[in-house]
>>> print(open('upload21.pdb').read())   # PDB, C-alpha atoms
MODEL        1
ATOM      1  CA  MET H   1     111.546 110.825  94.613
ATOM      2  CA  THR H   2     111.631 111.457  98.340
ATOM      3  CA  SER H   3     108.922 113.317 100.208
ATOM      4  CA  ALA H   4     109.113 116.348 102.433
ATOM      5  CA  PHE H   5     109.255 113.943 105.355
ATOM      6  CA  SER H   6     112.746 112.791 104.435
ATOM      7  CA  SER H   7     114.380 115.754 106.160
ATOM      8  CA  LEU H   8     112.173 115.855 109.253
ATOM      9  CA  SER H   9     113.553 115.583 112.756
ATOM     10  CA  LEU H  10     111.498 114.849 115.861
ATOM     11  CA  GLY H  11     113.469 117.397 117.792
ATOM     12  CA  GLY H  12     112.478 121.021 118.220
ATOM     13  CA  ASN H  13     110.586 122.574 121.087
ATOM     14  CA  PRO H  14     108.955 119.802 123.141
ATOM     15  CA  THR H  15     105.680 120.492 124.883
ATOM     16  CA  GLY H  16     105.763 117.338 127.014
ATOM     17  CA  PRO H  17     105.540 113.620 126.127
ATOM     18  CA  THR H  18     102.341 112.261 124.667
ATOM     19  CA  GLN H  19     101.465 108.694 123.758
ATOM     20  CA  CYS H  20     100.654 107.415 120.260
ATOM     21  CA  LEU H  21     100.121 103.689 119.856
ATOM     22  CA  GLY H  22     102.999 102.796 122.139
ATOM     23  CA  SER H  23     105.474 105.386 120.888
ATOM     24  CA  GLN H  24     106.472 108.547 122.734
ATOM     25  CA  PHE H  25     106.767 111.803 120.824
ATOM     26  CA  GLN H  26     107.727 115.191 122.200
ATOM     27  CA  SER H  27     104.932 116.915 120.315
ATOM     28  CA  PRO H  28     101.319 118.009 120.772
ATOM     29  CA  VAL H  29      98.367 115.845 119.746
ATOM     30  CA  VAL H  30      95.743 117.010 117.242
ATOM     31  CA  ASN H  31      92.567 115.064 116.509
ATOM     32  CA  ASN H  32      90.519 117.320 114.244
ATOM     33  CA  VAL H  33      92.317 117.117 110.904
ATOM     34  CA  CYS H  34      92.354 113.638 109.366
ATOM     35  CA  GLY H  35      91.974 109.965 110.169
ATOM     36  CA  VAL H  36      93.077 106.502 109.118
ATOM     37  CA  LEU H  37      91.114 103.253 109.201
ATOM     38  CA  CYS H  38      92.740  99.842 108.764
ATOM     39  CA  PRO H  39      90.168  97.027 108.297
ATOM     40  CA  GLY H  40      89.378  95.295 111.591
ATOM     41  CA  ARG H  41      91.061  97.992 113.681
ATOM     42  CA  PRO H  42      89.885 101.145 115.495
ATOM     43  CA  VAL H  43      89.843 104.438 113.622
ATOM     44  CA  VAL H  44      92.942 106.564 114.278
ATOM     45  CA  VAL H  45      92.361 110.312 114.534
ATOM     46  CA  ASP H  46      95.060 111.250 117.083
ATOM     47  CA  TRP H  47      98.170 112.560 115.348
ATOM     48  CA  HIS H  48     101.312 114.209 116.653
ATOM     49  CA  GLN H  49     101.999 117.577 115.087
ATOM     50  CA  ILE H  50     105.698 117.979 114.313
ATOM     51  CA  GLU H  51     105.369 121.007 112.021
ATOM     52  CA  SER H  52     102.546 123.369 111.159
ATOM     53  CA  THR H  53     101.448 121.223 108.197
ATOM     54  CA  LYS H  54     102.887 117.825 109.164
ATOM     55  CA  LEU H  55     101.478 115.072 111.396
ATOM     56  CA  ILE H  56     102.649 111.574 112.349
ATOM     57  CA  CYS H  57     101.324 108.482 114.099
ATOM     58  CA  ASP H  58     102.368 104.826 114.437
ATOM     59  CA  ILE H  59     100.438 101.759 113.284
ATOM     60  CA  PRO H  60     101.443  98.306 114.611
ATOM     61  CA  ASP H  61     102.079  95.188 112.494
ATOM     62  CA  PRO H  62     102.048  96.709 108.974
ATOM     63  CA  GLY H  63     102.493  93.266 107.406
ATOM     64  CA  GLN H  64      98.872  92.539 108.367
ATOM     65  CA  VAL H  65      97.473  95.654 106.652
ATOM     66  CA  SER H  66      96.612  95.143 102.993
ATOM     67  CA  ASP H  67      94.738  98.413 102.566
ATOM     68  CA  LEU H  68      93.653 101.450 104.532
ATOM     69  CA  SER H  69      91.272 104.382 104.272
ATOM     70  CA  PHE H  70      92.480 107.956 104.699
ATOM     71  CA  PHE H  71      90.087 110.856 105.142
ATOM     72  CA  LEU H  72      89.705 114.468 106.162
ATOM     73  CA  LEU H  73      87.547 115.033 109.223
ATOM     74  CA  PRO H  74      84.474 117.304 109.037
ATOM     75  CA  GLY H  75      85.528 120.918 109.348
ATOM     76  CA  ALA H  76      89.127 120.313 108.289
ATOM     77  CA  THR H  77      90.234 122.564 105.450
ATOM     78  CA  ILE H  78      93.251 122.625 103.172
ATOM     79  CA  PRO H  79      94.142 125.077 100.370
ATOM     80  CA  GLN H  80      92.329 124.555  97.060
ATOM     81  CA  ASP H  81      95.576 124.030  95.123
ATOM     82  CA  SER H  82      96.977 121.547  97.658
ATOM     83  CA  ALA H  83      96.316 118.050  98.960
ATOM     84  CA  MET H  84      96.823 116.121 102.177
ATOM     85  CA  ALA H  85      99.379 113.429 101.346
ATOM     86  CA  LEU H  86      99.829 110.268 103.388
ATOM     87  CA  TYR H  87     103.292 108.699 103.640
ATOM     88  CA  SER H  88     104.631 105.576 105.308
ATOM     89  CA  SER H  89     108.005 104.690 106.791
ATOM     90  CA  ILE H  90     109.498 101.904 108.887
ATOM     91  CA  PRO H  91     112.403 102.045 111.362
ATOM     92  CA  PRO H  92     114.769 103.871 111.323
ATOM     93  CA  PHE H  93     112.202 106.185 109.619
ATOM     94  CA  GLU H  94     114.609 107.638 107.083
ATOM     95  CA  LEU H  95     112.815 106.750 103.823
ATOM     96  CA  TRP H  96     109.211 107.815 103.234
ATOM     97  CA  ASN H  97     106.890 106.423 100.560
ATOM     98  CA  LEU H  98     103.675 107.948  99.306
ATOM     99  CA  VAL H  99     100.570 105.919 100.165
ATOM    100  CA  GLY H 100      98.044 108.301  98.595
ATOM    101  CA  PHE H 101      96.359 111.656  99.074
ATOM    102  CA  VAL H 102      93.020 113.361  99.632
ATOM    103  CA  ASP H 103      91.866 116.900  98.868
ATOM    104  CA  VAL H 104      88.816 119.127  99.132
ATOM    105  CA  ASN H 105      87.259 117.526  96.039
ATOM    106  CA  SER H 106      87.926 113.943  97.244
ATOM    107  CA  PRO H 107      88.132 114.099 101.047
ATOM    108  CA  SER H 108      88.378 110.321 101.519
ATOM    109  CA  ALA H 109      89.980 107.404  99.711
ATOM    110  CA  THR H 110      91.037 103.787 100.221
ATOM    111  CA  PHE H 111      94.522 102.710  99.196
ATOM    112  CA  SER H 112      96.269  99.390  98.718
ATOM    113  CA  THR H 113      99.372  99.597 100.905
ATOM    114  CA  GLY H 114     101.528  96.932  99.270
ATOM    115  CA  TRP H 115     103.019  96.230 102.700
ATOM    116  CA  GLN H 116     102.090  92.543 102.659
ATOM    117  CA  SER H 117     104.314  91.990  99.639
ATOM    118  CA  ASN H 118     107.191  94.072 100.985
ATOM    119  CA  SER H 119     109.558  92.000 103.102
ATOM    120  CA  ASP H 120     110.814  95.050 105.021
ATOM    121  CA  TYR H 121     107.295  95.979 106.100
ATOM    122  CA  VAL H 122     106.379  92.357 106.841
ATOM    123  CA  GLN H 123     109.324  92.041 109.220
ATOM    124  CA  SER H 124     108.696  95.391 110.933
ATOM    125  CA  ASN H 125     106.475  95.598 114.020
ATOM    126  CA  VAL H 126     105.471  99.206 113.330
ATOM    127  CA  VAL H 127     104.900 101.607 110.463
ATOM    128  CA  ARG H 128     104.952 105.359 110.903
ATOM    129  CA  LEU H 129     102.395 107.335 108.930
ATOM    130  CA  GLY H 130     103.004 110.942 108.005
ATOM    131  CA  ALA H 131     100.281 113.326 106.817
ATOM    132  CA  SER H 132     101.432 116.489 105.101
ATOM    133  CA  ILE H 133      99.815 119.316 103.135
ATOM    134  CA  GLU H 134     101.610 119.408  99.785
ATOM    135  CA  PRO H 135     101.260 121.607  96.656
ATOM    136  CA  ALA H 136      99.522 119.989  93.688
ATOM    137  CA  ASP H 137     102.696 119.828  91.562
ATOM    138  CA  VAL H 138     104.555 117.964  94.324
ATOM    139  CA  ILE H 139     101.693 115.459  94.566
ATOM    140  CA  GLN H 140     101.806 114.874  90.804
ATOM    141  CA  ASN H 141     105.545 114.123  90.888
ATOM    142  CA  LEU H 142     105.136 111.807  93.880
ATOM    143  CA  GLN H 143     102.311 109.937  92.125
ATOM    144  CA  GLN H 144     104.544 109.256  89.127
ATOM    145  CA  SER H 145     107.283 107.986  91.414
ATOM    146  CA  LYS H 146     104.808 105.781  93.295
ATOM    147  CA  SER H 147     103.563 104.228  90.047
ATOM    148  CA  ILE H 148     107.119 103.188  89.135
ATOM    149  CA  ARG H 149     107.680 101.772  92.622
ATOM    150  CA  ASP H 150     104.397  99.838  92.560
ATOM    151  CA  ASN H 151     105.268  98.278  89.206
ATOM    152  CA  GLN H 152     108.622  97.166  90.588
ATOM    153  CA  ALA H 153     106.919  95.669  93.654
ATOM    154  CA  ARG H 154     104.597  93.608  91.436
ATOM    155  CA  LEU H 155     107.574  92.401  89.423
ATOM    156  CA  ASP H 156     109.449  91.456  92.607
ATOM    157  CA  TRP H 157     106.417  89.490  93.882
ATOM    158  CA  GLY H 158     106.112  87.642  90.563
ATOM    159  CA  LEU H 159     109.802  86.749  90.628
ATOM    160  CA  LYS H 160     109.434  85.388  94.170
ATOM    161  CA  VAL H 161     106.550  83.152  93.069
ATOM    162  CA  ALA H 162     108.567  81.979  90.062
ATOM    163  CA  GLN H 163     111.512  81.225  92.370
ATOM    164  CA  ASP H 164     109.227  79.159  94.603
ATOM    165  CA  LEU H 165     108.131  77.095  91.591
ATOM    166  CA  HIS H 166     111.751  76.714  90.498
ATOM    167  CA  ASN H 167     112.729  75.455  93.945
ATOM    168  CA  PHE H 168     109.802  73.038  94.016
ATOM    169  CA  ILE H 169     110.664  71.563  90.619
ATOM    170  CA  GLY H 170     114.311  71.332  91.643
ATOM    171  CA  SER H 171     113.363  69.170  94.622
ATOM    172  CA  TYR H 172     112.199  66.473  92.167
ATOM    173  CA  THR H 173     115.417  66.429  90.197
ATOM    174  CA  THR H 174     116.623  62.885  89.480
ATOM    175  CA  GLY H 175     118.215  61.054  86.603
ATOM    176  CA  PRO H 176     121.258  61.757  84.438
ATOM    177  CA  ALA H 177     122.963  65.120  84.450
ATOM    178  CA  ASP H 178     121.148  67.949  82.649
ATOM    179  CA  GLN H 179     117.847  66.051  82.746
ATOM    180  CA  LEU H 180     114.735  66.427  84.878
ATOM    181  CA  ILE H 181     112.404  63.551  85.550
ATOM    182  CA  LEU H 182     109.171  65.028  86.843
ATOM    183  CA  PRO H 183     105.668  63.767  87.680
ATOM    184  CA  ALA H 184     103.082  64.585  85.021
ATOM    185  CA  ASN H 185     101.081  66.570  87.585
ATOM    186  CA  ILE H 186     104.033  68.578  88.901
ATOM    187  CA  LEU H 187     102.292  71.938  88.401
ATOM    188  CA  ASP H 188      99.125  70.736  90.141
ATOM    189  CA  ARG H 189     101.225  69.562  93.092
ATOM    190  CA  TRP H 190     103.031  72.868  93.280
ATOM    191  CA  LEU H 191      99.784  74.875  93.080
ATOM    192  CA  THR H 192      98.185  72.784  95.845
ATOM    193  CA  ARG H 193     101.248  73.269  98.046
ATOM    194  CA  PHE H 194     101.369  76.988  97.227
ATOM    195  CA  LYS H 195      97.714  77.496  98.207
ATOM    196  CA  GLU H 196      98.167  75.615 101.483
ATOM    197  CA  LYS H 197     101.251  77.612 102.419
ATOM    198  CA  TYR H 198      99.580  80.875 101.394
ATOM    199  CA  LYS H 199      96.607  80.162 103.677
ATOM    200  CA  ARG H 200      98.974  79.689 106.602
ATOM    201  CA  ASP H 201     101.185  82.661 105.748
ATOM    202  CA  PRO H 202     100.403  85.033 102.831
ATOM    203  CA  ASN H 203     103.964  86.353 103.039
ATOM    204  CA  PHE H 204     105.797  83.035 102.885
ATOM    205  CA  VAL H 205     107.271  83.684  99.438
ATOM    206  CA  LEU H 206     108.934  86.814 100.784
ATOM    207  CA  ARG H 207     110.792  84.723 103.318
ATOM    208  CA  ASN H 208     112.027  82.218 100.741
ATOM    209  CA  ARG H 209     115.667  82.378  99.856
ATOM    210  CA  GLY H 210     116.502  82.065  96.213
TER     211      GLY H 210
ENDMDL
END
>>> encode(input="upload21.pdb", output="structure tokens")
Amino acid sequence: MTSAFSSLSLGGNPTGPTQCLGSQFQSPVVNNVCGVLCPGRPVVVDWHQIESTKLICDIPDPGQVSDLSFFLLPGATIPQDSAMALYSSIPPFELWNLVGFVDVNSPSATFSTGWQSNSDYVQSNVVRLGASIEPADVIQNLQQSKSIRDNQARLDWGLKVAQDLHNFIGSYTTGPADQLILPANILDRWLTRFKEKYKRDPNFVLRNRG
């Protein structure tokens, strides 16, 4: 299910260029509604307002962000039967995925992004975040869609790891046709290699070609 951001255009009535993490938007800046915190980075509270209930900002290097916190700022209010949803998108910013949401009862939350296990996000140098006030029923539908997508992402990651093991075992192939002659500690060797490569690059399995 796509979000309300899918049909957004950055056109409209410009009020003059403003700067947001290296990107220029023809839209005003607001800094009293909500914020985002990625571990080890400054808090982001400056957003560009593109519609009355929709804000955007850019975050660099999404492949390095495993989780983030999203929160309403003191004094910010949203309708009781609505929530502030947070979406993410990478260039060309056509598809938007729900990250999570906050509301008046839970004005802050921390979400796992899943970007480190998504090859498209790993290879992108920027992610665009969109904050939007959405009705409760829309949020419920988006949550169901996100759950399905997250399950698929976990399956894809597991298949990549399995492919890495398959490739490693295949590199030891010797002997007659249809037979494998392998060291008794083949799995220990693979696990040691996997851990070493993971320490150097947690996303290496995403770059592997099957």
>>> atom_distance(input="upload21.pdb", atom1="atom CA of Ala76 of chain H", atom2="atom CA of Gly35 of chain H")
10.9 Å
>>> resolve_selection(input="upload21.pdb", expression="the PyMOL selection byres ((chain H and resi 102-104) around 9)", output="list in words")
Phe70, Phe71, Leu72, Thr77, Ile78, Pro79, Gln80, Asp81, Ser82, Ala83, Met84, Ala85, Leu86, Gly100, Phe101, Asn105, Ser106, Pro107, Ser108 and Ala109 of chain H
>>> resolve_selection(input="upload21.pdb", expression="the PyMOL selection byres ((chain H and resi 118) around 10)", output="PyMOL selection string")
chain H and resi 62-63+113-117+119-123+153-154+156-157+203+206
>>> resolve_selection(input="upload21.pdb", expression="the PyMOL selection byres ((chain H and resi 46) around 9)", output="ChimeraX atom specification")
/H:20,29-35,44-45,47-48,56-57
>>> residues_around(input="upload21.pdb", residues="segment 180-190 of chain H", least_positions_apart="6", cutoff="10 Å", atoms="all atoms listed in the file", output="ChimeraX atom specification")
/H:164-166,168-174,196
>>> closest_residue(input="upload21.pdb", among="H:Leu98, H:Val138, H:Val126, H:Val205", to="Asn167 of chain H", atoms="only C-alpha atoms")
H:Val205
>>> atom_distance(input="upload21.pdb", atom1="atom CA of Ile139 of chain H", atom2="atom CA of Leu73 of chain H")
20.4 Å
>>> atom_distance(input="upload21.pdb", atom1="atom CA of Ile90 of chain H", atom2="atom CA of Ala131 of chain H")
14.8 Å
>>> closest_residue(input="upload21.pdb", among="H:Pro42, H:Pro202, H:Pro28, H:Pro91", to="Asn125 of chain H", atoms="all atoms listed in the file")
H:Pro91
>>> closest_residue(input="upload21.pdb", among="H:Leu68, H:Ile133, H:Tyr198, H:Leu95", to="Gly40 of chain H", atoms="all atoms listed in the file")
H:Leu68
